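*Asks:* This is coords.tsv, which holds TSV, C-alpha atoms:
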chain	number	residue	atom	x	y	z
A	115	MET	CA	-22.13	-15.31	27.37
A	116	ALA	CA	-19.89	-12.84	25.56
A	117	GLN	CA	-20.97	-11.82	22.08
A	118	ILE	CA	-18.72	-11.44	19.07
A	119	ASN	CA	-18.55	-8.56	16.62
A	120	SER	CA	-20.85	-10.13	14.03
A	121	HIS	CA	-19.54	-7.85	11.29
A	122	TYR	CA	-16.50	-10.14	11.12
A	123	GLN	CA	-18.79	-12.86	9.83
A	124	LYS	CA	-19.56	-10.77	6.76
A	125	LEU	CA	-15.95	-11.12	5.62
A	126	GLN	CA	-15.62	-13.31	2.57
A	127	ALA	CA	-13.59	-16.50	3.06
A	128	GLY	CA	-10.07	-15.77	4.30
A	129	TYR	CA	-7.81	-12.83	3.68
A	130	LEU	CA	-6.31	-13.07	0.19
A	131	PHE	CA	-2.69	-13.84	1.01
A	132	PRO	CA	-3.33	-16.58	3.61
A	133	GLU	CA	-5.44	-18.36	0.96
A	134	ILE	CA	-2.56	-18.12	-1.51
A	135	GLY	CA	-0.25	-19.53	1.15
A	136	ARG	CA	-2.62	-22.42	1.81
A	137	ARG	CA	-2.72	-23.43	-1.86
A	138	VAL	CA	1.04	-23.13	-2.26
A	139	ARG	CA	1.69	-25.25	0.83
A	140	ALA	CA	-0.67	-27.94	-0.42
A	141	PHE	CA	1.05	-28.02	-3.82
A	142	ALA	CA	4.53	-28.11	-2.24
A	143	ALA	CA	3.54	-31.01	-0.01
A	144	GLU	CA	2.35	-32.99	-3.05
A	145	HIS	CA	5.35	-31.97	-5.18
A	146	PRO	CA	8.39	-31.66	-2.89
A	147	GLU	CA	10.68	-31.70	-5.93
A	148	ALA	CA	9.17	-28.51	-7.39
A	149	LYS	CA	11.28	-25.36	-7.20
A	150	ILE	CA	8.61	-22.75	-6.58
A	151	ILE	CA	9.29	-19.14	-7.49
A	152	ARG	CA	7.17	-16.71	-5.49
A	153	LEU	CA	6.17	-13.49	-7.22
A	154	GLY	CA	2.89	-13.14	-5.37
A	155	ILE	CA	3.05	-11.26	-2.08
A	156	GLY	CA	4.97	-8.01	-2.35
A	157	ASP	CA	7.83	-8.84	0.00
A	158	VAL	CA	11.33	-7.52	-0.63
A	159	VAL	CA	14.38	-9.80	-0.95
A	160	LEU	CA	17.39	-7.46	-0.97
A	161	PRO	CA	19.08	-6.84	2.40
A	162	LEU	CA	18.94	-3.53	4.19
A	163	PRO	CA	21.41	-1.03	2.70
A	164	GLU	CA	24.64	-0.53	4.66
A	165	PRO	CA	23.95	3.06	5.83
A	166	ILE	CA	20.68	1.88	7.37
A	167	VAL	CA	22.31	-1.12	9.05
A	168	ALA	CA	25.04	1.13	10.45
A	169	ALA	CA	22.46	3.46	11.98
A	170	LEU	CA	20.53	0.50	13.39
A	171	LYS	CA	23.69	-0.90	14.99
A	172	THR	CA	24.72	2.42	16.47
A	173	ALA	CA	21.28	3.02	17.95
A	174	SER	CA	21.16	-0.51	19.35
A	175	GLU	CA	24.50	0.05	21.05
A	176	GLU	CA	23.14	3.26	22.55
A	177	MET	CA	20.36	1.21	24.10
A	178	GLY	CA	23.03	-0.85	25.90
A	179	ARG	CA	24.59	2.13	27.69
A	180	ARG	CA	23.17	3.79	30.77
A	181	GLU	CA	23.78	7.32	29.56
A	182	SER	CA	22.06	6.83	26.20
A	183	PHE	CA	19.37	4.24	26.97
A	184	LYS	CA	15.84	5.14	25.81
A	185	GLY	CA	12.60	3.92	27.37
A	186	TYR	CA	9.19	4.91	26.09
A	187	GLY	CA	9.49	7.31	23.21
A	188	PRO	CA	6.93	9.80	21.89
A	189	GLU	CA	4.03	7.91	20.28
A	190	GLN	CA	4.05	10.27	17.30
A	191	GLY	CA	7.75	9.67	16.65
A	192	TYR	CA	11.10	11.17	17.63
A	193	ASP	CA	11.78	14.70	16.41
A	194	PHE	CA	14.85	13.64	14.45
A	195	LEU	CA	12.74	11.38	12.20
A	196	LEU	CA	9.75	13.72	11.98
A	197	ASN	CA	12.06	16.54	10.86
A	198	ALA	CA	13.76	14.30	8.29
A	199	ILE	CA	10.40	13.25	6.84
A	200	ALA	CA	9.12	16.82	6.68
A	201	ALA	CA	12.33	17.95	4.94
A	202	HIS	CA	11.89	15.15	2.40
A	203	TYR	CA	8.36	16.33	1.67
A	204	GLN	CA	9.60	19.88	1.24
A	205	ARG	CA	12.16	18.70	-1.34
A	206	GLN	CA	9.30	17.04	-3.24
A	207	GLY	CA	7.35	20.29	-3.30
A	208	ALA	CA	4.77	19.14	-0.75
A	209	PRO	CA	4.11	21.42	2.26
A	210	VAL	CA	4.19	19.17	5.34
A	211	GLU	CA	5.20	20.18	8.86
A	212	ALA	CA	7.07	17.86	11.22
A	213	ASP	CA	4.27	17.88	13.81
A	214	GLU	CA	1.79	16.68	11.17
A	215	VAL	CA	3.70	13.40	10.74
A	216	PHE	CA	2.87	10.25	12.71
A	217	VAL	CA	5.42	7.42	12.69
A	218	SER	CA	4.01	3.90	12.91
A	219	ASP	CA	4.89	0.25	12.39
A	220	GLY	CA	3.34	-0.02	8.91
A	221	SER	CA	1.08	1.68	6.40
A	222	LYS	CA	-1.11	-1.44	6.32
A	223	CYS	CA	-1.86	-0.80	9.99
A	224	ASP	CA	-2.46	2.90	9.40
A	225	THR	CA	-4.76	2.47	6.40
A	226	ALA	CA	-6.65	-0.12	8.44
A	227	ASN	CA	-6.87	1.91	11.64
A	228	ILE	CA	-7.61	5.34	10.22
A	229	GLN	CA	-11.29	4.46	9.81
A	230	GLU	CA	-11.63	4.41	13.60
A	231	ILE	CA	-11.73	8.21	13.78
A	232	PHE	CA	-14.71	8.38	11.41
A	233	ALA	CA	-18.37	7.68	12.21
A	234	THR	CA	-19.82	4.40	11.01
A	235	GLN	CA	-22.54	6.13	8.98
A	236	ASN	CA	-20.01	7.67	6.57
A	237	VAL	CA	-20.40	6.56	2.95
A	238	VAL	CA	-17.10	5.05	1.83
A	239	ALA	CA	-15.83	4.72	-1.75
A	240	VAL	CA	-13.03	2.43	-2.92
A	241	THR	CA	-11.51	1.72	-6.28
A	242	ASP	CA	-12.12	-1.69	-7.83
A	243	PRO	CA	-9.70	-3.48	-7.92
A	244	VAL	CA	-8.59	-2.42	-4.46
A	245	TYR	CA	-6.07	-3.27	-1.75
A	246	PRO	CA	-8.22	-5.61	0.40
A	247	VAL	CA	-7.38	-3.97	3.73
A	248	TYR	CA	-9.36	-0.83	2.84
A	249	VAL	CA	-12.51	-2.87	2.36
A	250	ASP	CA	-12.15	-5.48	5.08
A	251	THR	CA	-11.55	-3.01	7.90
A	252	ASN	CA	-14.70	-1.09	7.00
A	253	VAL	CA	-16.61	-4.36	6.96
A	254	MET	CA	-15.27	-5.12	10.43
A	255	ALA	CA	-16.36	-1.68	11.63
A	256	GLY	CA	-19.92	-2.19	10.40
A	257	ARG	CA	-20.05	0.33	7.55
A	258	THR	CA	-21.12	-2.22	4.95
A	259	GLY	CA	-23.91	-4.65	4.28
A	260	PRO	CA	-23.44	-8.31	3.37
A	261	ALA	CA	-21.47	-9.27	0.27
A	262	GLU	CA	-23.26	-10.11	-2.95
A	263	ALA	CA	-21.50	-11.01	-6.21
A	264	GLY	CA	-18.15	-10.09	-4.70
A	265	ARG	CA	-19.21	-6.64	-3.49
A	266	TYR	CA	-20.38	-5.41	-0.10
A	267	GLY	CA	-23.59	-3.48	0.29
A	268	ASN	CA	-23.40	0.20	1.28
A	269	LEU	CA	-19.88	0.47	-0.12
A	270	VAL	CA	-19.36	2.56	-3.26
A	271	TYR	CA	-17.12	0.88	-5.84
A	272	LEU	CA	-15.29	2.90	-8.50
A	273	PRO	CA	-14.42	0.66	-11.49
A	274	THR	CA	-10.74	1.28	-12.24
A	275	THR	CA	-10.09	-0.70	-15.39
A	276	ALA	CA	-8.17	-0.77	-18.64
A	277	GLU	CA	-11.15	0.91	-20.30
A	278	ASN	CA	-10.65	4.10	-18.24
A	279	GLY	CA	-6.87	3.86	-18.10
A	280	PHE	CA	-6.99	2.60	-14.50
A	281	ASP	CA	-7.93	6.14	-13.45
A	282	PRO	CA	-10.76	5.98	-10.90
A	283	PRO	CA	-13.90	7.93	-11.91
A	284	LEU	CA	-15.70	10.26	-9.56
A	285	PRO	CA	-18.69	8.67	-7.81
A	286	GLN	CA	-22.15	9.29	-9.21
A	287	GLY	CA	-23.37	10.77	-5.95
A	288	LYS	CA	-21.91	12.15	-2.75
A	289	VAL	CA	-19.54	10.06	-0.66
A	290	ASP	CA	-17.74	11.00	2.56
A	291	ILE	CA	-14.49	9.03	2.49
A	292	VAL	CA	-12.50	7.92	-0.56
A	293	TYR	CA	-9.53	5.53	-0.60
A	294	LEU	CA	-7.06	6.27	-3.40
A	295	CYS	CA	-3.76	4.49	-4.08
A	296	SER	CA	-1.09	5.81	-6.44
A	297	PRO	CA	1.06	4.16	-7.69
A	298	ASN	CA	-1.70	1.64	-7.46
A	299	ASN	CA	-1.61	-1.75	-5.84
A	300	PRO	CA	-2.47	-3.97	-7.72
A	301	THR	CA	-2.62	-2.37	-11.19
A	302	GLY	CA	0.68	-0.50	-11.09
A	303	ALA	CA	-0.95	2.63	-12.57
A	304	VAL	CA	-0.17	6.20	-11.48
A	305	MET	CA	-2.96	8.76	-11.19
A	306	PRO	CA	-2.30	11.79	-13.44
A	307	ARG	CA	-1.99	15.22	-11.85
A	308	ALA	CA	-5.21	16.34	-13.55
A	309	SER	CA	-7.05	13.42	-11.98
A	310	LEU	CA	-5.78	14.24	-8.50
A	311	GLU	CA	-6.76	17.87	-9.00
A	312	LYS	CA	-10.25	16.65	-9.92
A	313	TRP	CA	-10.45	14.54	-6.77
A	314	VAL	CA	-9.29	17.39	-4.54
A	315	ARG	CA	-11.98	19.64	-6.05
A	316	TYR	CA	-14.59	16.93	-5.48
A	317	ALA	CA	-13.53	16.50	-1.85
A	318	ARG	CA	-13.63	20.23	-1.19
A	319	GLU	CA	-17.06	20.64	-2.79
A	320	ASN	CA	-18.54	17.64	-0.96
A	321	GLU	CA	-16.71	17.93	2.39
A	322	ALA	CA	-15.19	14.51	1.75
A	323	VAL	CA	-11.87	13.15	3.01
A	324	LEU	CA	-9.34	11.50	0.69
A	325	LEU	CA	-7.26	8.68	2.16
A	326	PHE	CA	-4.25	8.70	-0.17
A	327	ASP	CA	-1.98	5.66	-0.05
A	328	ALA	CA	1.41	6.63	-1.50
A	329	ALA	CA	3.38	3.64	-0.20
A	330	TYR	CA	4.98	3.08	-3.63
A	331	GLU	CA	5.71	6.70	-4.60
A	332	ALA	CA	9.49	6.12	-4.61
A	333	PHE	CA	9.08	3.67	-7.49
A	334	ILE	CA	7.80	6.34	-9.89
A	335	ARG	CA	10.30	6.49	-12.76
A	336	GLU	CA	8.67	8.82	-15.25
A	337	PRO	CA	9.06	12.57	-14.64
A	338	GLY	CA	6.05	14.78	-14.17
A	339	HIS	CA	4.04	12.42	-11.97
A	340	VAL	CA	2.77	13.42	-8.55
A	341	HIS	CA	4.53	11.77	-5.59
A	342	SER	CA	2.40	13.34	-2.85
A	343	ILE	CA	-1.22	14.44	-2.80
A	344	TYR	CA	0.03	17.60	-1.07
A	345	GLU	CA	1.61	18.72	-4.31
A	346	ILE	CA	-1.97	19.51	-5.34
A	347	GLU	CA	-3.29	22.90	-4.24
A	348	GLY	CA	-5.98	22.57	-1.59
A	349	ALA	CA	-5.15	18.95	-0.70
A	350	ARG	CA	-4.09	19.85	2.84
A	351	GLU	CA	-7.73	20.64	3.61
A	352	VAL	CA	-9.09	17.31	2.38
A	353	ALA	CA	-6.44	14.55	2.41
A	354	ILE	CA	-4.54	12.17	4.69
A	355	GLU	CA	-1.45	10.54	3.18
A	356	PHE	CA	0.17	7.21	4.02
A	357	ARG	CA	3.76	6.25	3.24
A	358	SER	CA	5.99	3.33	4.14
A	359	PHE	CA	9.63	2.31	4.42
A	360	SER	CA	8.69	-1.32	3.74
A	361	LYS	CA	9.16	-1.56	-0.03
A	362	THR	CA	11.16	1.66	-0.41
A	363	ALA	CA	13.94	0.80	2.03
A	364	GLY	CA	13.40	-2.92	2.63
A	365	PHE	CA	11.67	-2.55	6.01
A	366	THR	CA	9.07	-5.32	5.56
A	367	GLY	CA	10.73	-7.22	8.42
A	368	VAL	CA	11.82	-4.10	10.31
A	369	ARG	CA	8.47	-2.24	10.38
A	370	CYS	CA	8.27	1.50	10.03
A	371	ALA	CA	5.94	3.83	8.16
A	372	TYR	CA	4.34	7.22	8.57
A	373	THR	CA	1.04	9.00	8.07
A	374	VAL	CA	0.50	12.72	7.49
A	375	VAL	CA	-2.62	14.36	8.94
A	376	PRO	CA	-2.55	18.12	8.21
A	377	LYS	CA	-3.71	20.39	11.00
A	378	SER	CA	-5.93	22.20	8.49
A	379	LEU	CA	-7.96	19.03	7.76
A	380	LYS	CA	-11.39	19.01	9.41
A	381	ALA	CA	-14.61	17.00	9.43
A	382	ARG	CA	-17.93	17.42	11.24
A	383	ASN	CA	-19.10	15.86	14.48
A	384	ASP	CA	-22.67	14.72	15.18
A	385	LYS	CA	-23.62	18.33	16.02
A	386	GLY	CA	-22.38	19.60	12.69
A	387	GLU	CA	-19.35	21.32	14.21
A	388	LEU	CA	-15.97	21.24	12.44
A	389	VAL	CA	-13.32	19.19	14.25
A	390	GLY	CA	-9.65	18.80	13.39
A	391	LEU	CA	-8.72	15.24	12.39
A	392	HIS	CA	-5.10	15.77	13.45
A	393	GLY	CA	-6.10	15.86	17.10
A	394	LEU	CA	-8.31	12.80	16.75
A	395	TRP	CA	-5.55	10.72	15.19
A	396	LEU	CA	-3.11	11.93	17.83
A	397	ARG	CA	-5.55	10.83	20.53
A	398	ARG	CA	-6.05	7.46	18.86
A	399	GLN	CA	-2.32	6.82	18.51
A	400	THR	CA	-1.41	7.92	22.02
A	401	THR	CA	-4.16	5.66	23.38
A	402	LYS	CA	-3.61	2.54	21.28
A	403	PHE	CA	0.00	2.70	20.12
A	404	ASN	CA	3.27	2.93	22.05
A	405	GLY	CA	5.44	4.09	19.18
A	406	VAL	CA	8.18	2.59	17.03
A	407	SER	CA	11.41	1.64	18.79
A	408	TYR	CA	14.31	4.08	18.91
A	409	PRO	CA	16.75	1.90	16.88
A	410	ILE	CA	14.19	1.44	14.10
A	411	GLN	CA	13.50	5.17	13.94
A	412	LYS	CA	17.24	5.90	13.73
A	413	ALA	CA	17.45	3.39	10.88
A	414	ALA	CA	14.53	5.16	9.18
A	415	GLU	CA	16.24	8.53	9.62
A	416	ALA	CA	19.28	7.13	7.79
A	417	VAL	CA	17.06	6.49	4.74
A	418	PHE	CA	16.95	10.25	4.18
A	419	SER	CA	20.71	10.80	4.41
A	420	PRO	CA	22.58	11.28	1.10
A	421	GLU	CA	24.19	7.86	1.51
A	422	GLY	CA	20.88	6.28	2.45
A	423	GLN	CA	19.04	7.80	-0.50
A	424	LYS	CA	21.72	6.56	-2.90
A	425	ALA	CA	21.60	3.03	-1.49
A	426	VAL	CA	17.81	2.89	-1.40
A	427	GLU	CA	17.60	4.13	-4.99
A	428	ALA	CA	19.94	1.31	-6.06
A	429	ASN	CA	17.60	-1.28	-4.53
A	430	ILE	CA	14.56	0.34	-6.13
A	431	ALA	CA	16.33	0.38	-9.51
A	432	TYR	CA	17.03	-3.35	-9.10
A	433	TYR	CA	13.36	-4.12	-8.55
A	434	MET	CA	12.25	-1.87	-11.38
A	435	GLU	CA	14.62	-3.67	-13.75
A	436	ASN	CA	12.92	-6.88	-12.62
A	437	ALA	CA	9.60	-5.24	-13.49
A	438	ARG	CA	10.89	-4.37	-16.96
A	439	ILE	CA	12.04	-7.96	-17.52
A	440	ILE	CA	8.63	-9.33	-16.53
A	441	ARG	CA	6.68	-6.72	-18.48
A	442	GLU	CA	8.66	-7.04	-21.70
A	443	GLY	CA	9.03	-10.82	-21.45
A	444	LEU	CA	5.32	-11.43	-21.03
A	445	THR	CA	4.38	-8.84	-23.65
A	446	THR	CA	6.65	-10.63	-26.14
A	447	ALA	CA	4.94	-13.89	-25.19
A	448	GLY	CA	1.57	-12.44	-26.20
A	449	PHE	CA	0.14	-11.43	-22.82
A	450	THR	CA	-1.69	-8.14	-22.37
A	451	VAL	CA	0.33	-6.42	-19.66
A	452	TYR	CA	-0.09	-3.23	-17.63
A	453	GLY	CA	1.98	-1.58	-14.90
A	454	GLY	CA	5.64	-2.26	-14.18
A	455	VAL	CA	6.78	1.22	-15.29
A	456	ASN	CA	6.17	3.36	-12.20
A	457	ALA	CA	5.39	0.58	-9.73
A	458	PRO	CA	6.85	-2.84	-8.84
A	459	TYR	CA	3.69	-4.66	-9.92
A	460	ILE	CA	2.70	-6.10	-13.28
A	461	TRP	CA	-1.02	-6.43	-13.93
A	462	LEU	CA	-1.72	-8.89	-16.74
A	463	LYS	CA	-4.90	-10.08	-18.38
A	464	THR	CA	-5.45	-13.80	-18.00
A	465	PRO	CA	-5.42	-15.56	-21.39
A	466	ASP	CA	-8.43	-17.27	-22.94
A	467	ASN	CA	-10.87	-15.68	-20.46
A	468	GLN	CA	-9.61	-17.86	-17.62
A	469	SER	CA	-10.69	-16.92	-14.14
A	470	SER	CA	-7.89	-15.44	-12.08
A	471	TRP	CA	-7.89	-18.34	-9.59
A	472	ASP	CA	-7.84	-20.89	-12.44
A	473	PHE	CA	-4.85	-19.06	-13.88
A	474	PHE	CA	-3.24	-19.05	-10.43
A	475	ASP	CA	-3.55	-22.84	-10.21
A	476	LYS	CA	-2.35	-23.32	-13.79
A	477	LEU	CA	0.67	-21.10	-13.23
A	478	LEU	CA	1.51	-22.89	-10.00
A	479	HIS	CA	1.15	-26.41	-11.41
A	480	LYS	CA	2.66	-25.91	-14.87
A	481	ALA	CA	5.33	-23.28	-14.22
A	482	ASN	CA	5.74	-23.56	-10.43
A	483	VAL	CA	5.36	-19.78	-10.21
A	484	VAL	CA	3.20	-18.02	-7.62
A	485	GLY	CA	1.33	-14.80	-8.38
A	486	THR	CA	-1.78	-13.10	-7.03
A	487	PRO	CA	-5.26	-13.66	-8.51
A	488	GLY	CA	-6.91	-10.40	-9.51
A	489	ALA	CA	-10.26	-11.52	-8.09
A	490	GLY	CA	-8.74	-11.16	-4.63
A	491	PHE	CA	-8.66	-7.40	-5.20
A	492	GLY	CA	-12.32	-7.05	-6.18
A	493	SER	CA	-14.80	-7.96	-8.89
A	494	CYS	CA	-13.07	-5.74	-11.48
A	495	GLY	CA	-9.89	-7.70	-10.80
A	496	GLU	CA	-11.44	-10.88	-12.14
A	497	GLY	CA	-9.73	-11.91	-15.34
A	498	TYR	CA	-6.47	-10.27	-14.25
A	499	PHE	CA	-3.39	-11.39	-12.37
A	500	ARG	CA	-0.68	-9.57	-10.41
A	501	LEU	CA	3.02	-10.42	-10.51
A	502	SER	CA	5.49	-8.78	-8.16
A	503	ALA	CA	8.95	-7.54	-9.14
A	504	PHE	CA	10.23	-8.24	-5.63
A	505	GLY	CA	12.51	-11.19	-6.30
A	506	PHE	CA	16.09	-12.06	-7.05
A	507	ARG	CA	17.04	-11.37	-10.66
A	508	GLU	CA	17.81	-15.00	-11.48
A	509	ASN	CA	14.41	-16.09	-10.15
A	510	VAL	CA	12.59	-13.38	-12.08
A	511	GLU	CA	14.33	-14.36	-15.31
A	512	GLU	CA	13.62	-18.02	-14.67
A	513	ALA	CA	9.96	-17.32	-13.89
A	514	VAL	CA	9.51	-15.44	-17.16
A	515	ARG	CA	11.17	-18.29	-19.06
A	516	ARG	CA	8.90	-20.87	-17.42
A	517	ILE	CA	5.74	-18.85	-18.09
A	518	ARG	CA	6.68	-18.35	-21.75
A	519	GLN	CA	7.49	-22.05	-22.24
A	520	GLY	CA	4.92	-23.67	-19.99
A	521	LEU	CA	1.70	-21.76	-20.66
Could you quickly redo this structure as structure tokens?

*Replies:*
Amino acid sequence: MAQINSHYQKLQAGYLFPEIGRRVRAFAAEHPEAKIIRLGIGDVVLPLPEPIVAALKTASEEMGRRESFKGYGPEQGYDFLLNAIAAHYQRQGAPVEADEVFVSDGSKCDTANIQEIFATQNVVAVTDPVYPVYVDTNVMAGRTGPAEAGRYGNLVYLPTTAENGFDPPLPQGKVDIVYLCSPNNPTGAVMPRASLEKWVRYARENEAVLLFDAAYEAFIREPGHVHSIYEIEGAREVAIEFRSFSKTAGFTGVRCAYTVVPKSLKARNDKGELVGLHGLWLRRQTTKFNGVSYPIQKAAEAVFSPEGQKAVEANIAYYMENARIIREGLTTAGFTVYGGVNAPYIWLKTPDNQSSWDFFDKLLHKANVVGTPGAGFGSCGEGYFRLSAFGFRENVEEAVRRIRQGL
């Protein structure tokens, strides 16, 4: 009889967002009259900007003509998009070459799959709270022990809390791989330049690799913050960066993202020899991934045009105004609130020491508003709650009114 990968059985309950969906469906079935406002999962609501739609249409029409039809494309991405991404990095002051960029169908997939090119005996560190995908995929791969008290054995957790300004501390000992996310999901905090410099130094001194998730970098409003890890000197030797069009350009239903693996980044094989990670990721992608479709890549290229940048910025500004409304409205109501300044997420402390799932149920039943329990992001997320700014303005304003009046 075939045997399963038993590491899957270590996973705690279900993935966070399916559990939220289950509870919301059960409530809606019992209360069909309730008008539920969903500020939980970070899904966009505004339509694709016109310049992007125009590019998507044009490319789709090309696919309908014999002379311009495209079959399989390059797994790494078409040159027109790779060059546009590299030019964007250069404008941000981050040295990235076009052939170091890998286009994919989502940064969730990339942050999940990147662990495949690393040995299972690597010691992995994650922040706590943390985006669940970082943890769960390493559990699936067999790098962790069983879970106890909400934490998996053999995984190093870095408490990232209000007490340290949501700035992850260096580990006490040596680790091999570190997941960092800035602006952070779920806390909404941005890592200061000095902190990133500290992490790059740590990685260089310990031959560690930083997996830097910058999916929300376009939402940074305050000047002086780092948008790319490659703005930090020496980062090209120690870091992989992930970015996405999902929240930036509204591609959650379109699917396109990209990962940068510098050619100067190396790690050791089982003989102690240095091996380039760029070639390993290229081999993985060309083996397991057939690339993003031509029309989608043309739509992504349009994001970087002057018209595309202007339209995308307008959508981001809309969501960040939503974040301001939530942040200021809940602060006025007496909640302790973090985030919502450089990221589309508001991280609030649950009142009266309620557990985050109890607060989820209370918010759903009394205000008919859906958020995300902090406990779903790790043990340090307990006692906190995430609200998303991805919603229509009228729904965001109504949600804030309900929370202020109903809780």

*Asks:* May I have the protein, DNA and RNA residues with an atom at most 10 Å from (-4.8, -18.5, -13.9), counting all atoms listed in the file in the file's coordinates, returned as number ranges by chain?

*Replies:* A: 463-478, 485-488, 497-499, 521

*Asks:* Which residue out of A:Gly264, A:Phe418, A:Lys412, A:Gly386 has the minimum interatomic distance to Ala201 in chain A when all atoms listed in the file are used?

*Replies:* A:Phe418

*Asks:* Measure the distance from CA of Thr241 in chain A to CA of Glu345 in chain A in Å and round it to one decimal.

*Replies:*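 Those two atoms sit 21.6 Å apart.
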
*Asks:* Find the residues around Ile440 in chain A up to 10 Å (all atoms listed in the file counted), leave out those fewer than 6 positions away in its own chain, and share them as a ChimeraX atom specification.

*Replies:* /A:434,446,451,454,459-460,501-503,510-511,513-515

*Asks:* Write out the residues from the selection above, keeping C-alpha atoms, as a PDB file, in the coordinates of the input.

*Replies:*
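Saved file selection.pdb follows:
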ATOM      1  CA  MET A 434      12.250  -1.870 -11.380  1.00  0.00           C
ATOM      2  CA  THR A 446       6.650 -10.630 -26.140  1.00  0.00           C
ATOM      3  CA  VAL A 451       0.330  -6.420 -19.660  1.00  0.00           C
ATOM      4  CA  GLY A 454       5.640  -2.260 -14.180  1.00  0.00           C
ATOM      5  CA  TYR A 459       3.690  -4.660  -9.920  1.00  0.00           C
ATOM      6  CA  ILE A 460       2.700  -6.100 -13.280  1.00  0.00           C
ATOM      7  CA  LEU A 501       3.020 -10.420 -10.510  1.00  0.00           C
ATOM      8  CA  SER A 502       5.490  -8.780  -8.160  1.00  0.00           C
ATOM      9  CA  ALA A 503       8.950  -7.540  -9.140  1.00  0.00           C
ATOM     10  CA  VAL A 510      12.590 -13.380 -12.080  1.00  0.00           C
ATOM     11  CA  GLU A 511      14.330 -14.360 -15.310  1.00  0.00           C
ATOM     12  CA  ALA A 513       9.960 -17.320 -13.890  1.00  0.00           C
ATOM     13  CA  VAL A 514       9.510 -15.440 -17.160  1.00  0.00           C
ATOM     14  CA  ARG A 515      11.170 -18.290 -19.060  1.00  0.00           C
TER      15      ARG A 515
END

*Asks:* Counting only C-alpha atoms, which residue out of A:Ala168, A:Ile346, A:Leu284, A:Ala261 sits closest to Pro209 in chain A?

*Replies:*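 Looking only at the distances to Pro209 in chain A, the closest residue turns out to be A:Ile346.
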
*Asks:* Compare A:Ile430, A:Ala381, A:Val314, A:Val238 by their minimum atom-to-atom distance to Val159 in chain A, counting only C-alpha atoms, and give me the closest one.

*Replies:*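 Using only C-alpha atoms, the shortest distance to Val159 in chain A belongs to A:Ile430.
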
*Asks:* Would you list the contacts of Glu351 in chain A as a PyMOL selection string, taking every protein, DNA or RNA residue within 10 Å and counting all atoms listed in the file, but skipping same-chain residues closer than 5 positions in sequence?

*Replies:* chain A and resi 314+317-318+321-324+344+375-381

*Asks:* Which is closest to Asn298 in chain A among A:Arg500, A:Lys171, A:His479, A:Arg518, if we use all atoms listed in the file?

*Replies:*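 For Asn298 in chain A, the nearest of the candidates is A:Arg500.
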
*Asks:* Quote the spacing between CA of Gly405 in chain A and CA of Tyr248 in chain A in Å to one decimal place.

*Replies:* 22.6 Å

*Asks:* What is the distance between CA of Arg205 in chain A and CA of Ala353 in chain A, in Å to one decimal?

*Replies:* 19.4 Å

*Asks:* Between A:Gly443, A:Pro297, A:Gly287, A:Pro163, which is the closest to Ile517 in chain A once you count only C-alpha atoms?

*Replies:*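 Closest residue, counting only C-alpha atoms: A:Gly443.
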
*Asks:* Find the residues around Leu162 in chain A up to 8 Å (all atoms listed in the file counted), leave out those fewer than 4 positions away in its own chain, and share them as a PyMOL selection string.

*Replies:* chain A and resi 166-167+363-365

*Asks:* Please check which residues have atoms at most 7 Å from (-1.4, 6.9, 5.6) in the file's coordinates, counting only C-alpha atoms, and write them as a list in words.

*Replies:* Ser221, Asp224, Thr225, Phe326, Asp327, Ile354, Glu355, Phe356, Arg357, Tyr372, Thr373 and Val374 of chain A

*Asks:* Name the residues in contact with Val217 in chain A at a cut-off of 6 Å, using all atoms listed in the file, excluding same-chain residues fewer than 2 positions from it; report them as a PDB file with C-alpha atoms, in the frame of the given file.

*Replies:*
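part26.pdb was written with the following content:
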ATOM      1  CA  GLN A 190       4.050  10.270  17.300  1.00  0.00           C
ATOM      2  CA  GLY A 191       7.750   9.670  16.650  1.00  0.00           C
ATOM      3  CA  ALA A 371       5.940   3.830   8.160  1.00  0.00           C
ATOM      4  CA  TYR A 372       4.340   7.220   8.570  1.00  0.00           C
TER       5      TYR A 372
END

*Asks:* Output, as lines of an AutoDock Vina configuration file, the centre and edge lengths in Å (one decimal) of the axis-aligned box that contains all listed atoms of range 372-384 of chain A with 6 Å of margin on each side.

*Replies:*
center_x = -9.2
center_y = 14.7
center_z = 11.3
size_x = 39.0
size_y = 27.0
size_z = 19.7

*Asks:* Please return range 309-314 of chain A, rebuilt to N, CA and C atoms, as a PDB file, in the frame of the given file.

*Replies:*
ATOM      1  N   SER A 309      -6.090  14.244 -12.697  1.00  0.00           N
ATOM      2  CA  SER A 309      -7.050  13.420 -11.980  1.00  0.00           C
ATOM      3  C   SER A 309      -7.049  13.745 -10.490  1.00  0.00           C
ATOM      4  N   LEU A 310      -5.866  13.903  -9.920  1.00  0.00           N
ATOM      5  CA  LEU A 310      -5.780  14.240  -8.500  1.00  0.00           C
ATOM      6  C   LEU A 310      -6.366  15.625  -8.229  1.00  0.00           C
ATOM      7  N   GLU A 311      -6.150  16.557  -9.139  1.00  0.00           N
ATOM      8  CA  GLU A 311      -6.760  17.870  -9.000  1.00  0.00           C
ATOM      9  C   GLU A 311      -8.284  17.760  -9.001  1.00  0.00           C
ATOM     10  N   LYS A 312      -8.802  16.890  -9.855  1.00  0.00           N
ATOM     11  CA  LYS A 312     -10.250  16.650  -9.920  1.00  0.00           C
ATOM     12  C   LYS A 312     -10.769  16.088  -8.603  1.00  0.00           C
ATOM     13  N   TRP A 313     -10.022  15.154  -8.025  1.00  0.00           N
ATOM     14  CA  TRP A 313     -10.450  14.540  -6.770  1.00  0.00           C
ATOM     15  C   TRP A 313     -10.402  15.542  -5.618  1.00  0.00           C
ATOM     16  N   VAL A 314      -9.375  16.381  -5.594  1.00  0.00           N
ATOM     17  CA  VAL A 314      -9.290  17.390  -4.540  1.00  0.00           C
ATOM     18  C   VAL A 314     -10.466  18.354  -4.645  1.00  0.00           C
TER      19      VAL A 314
END
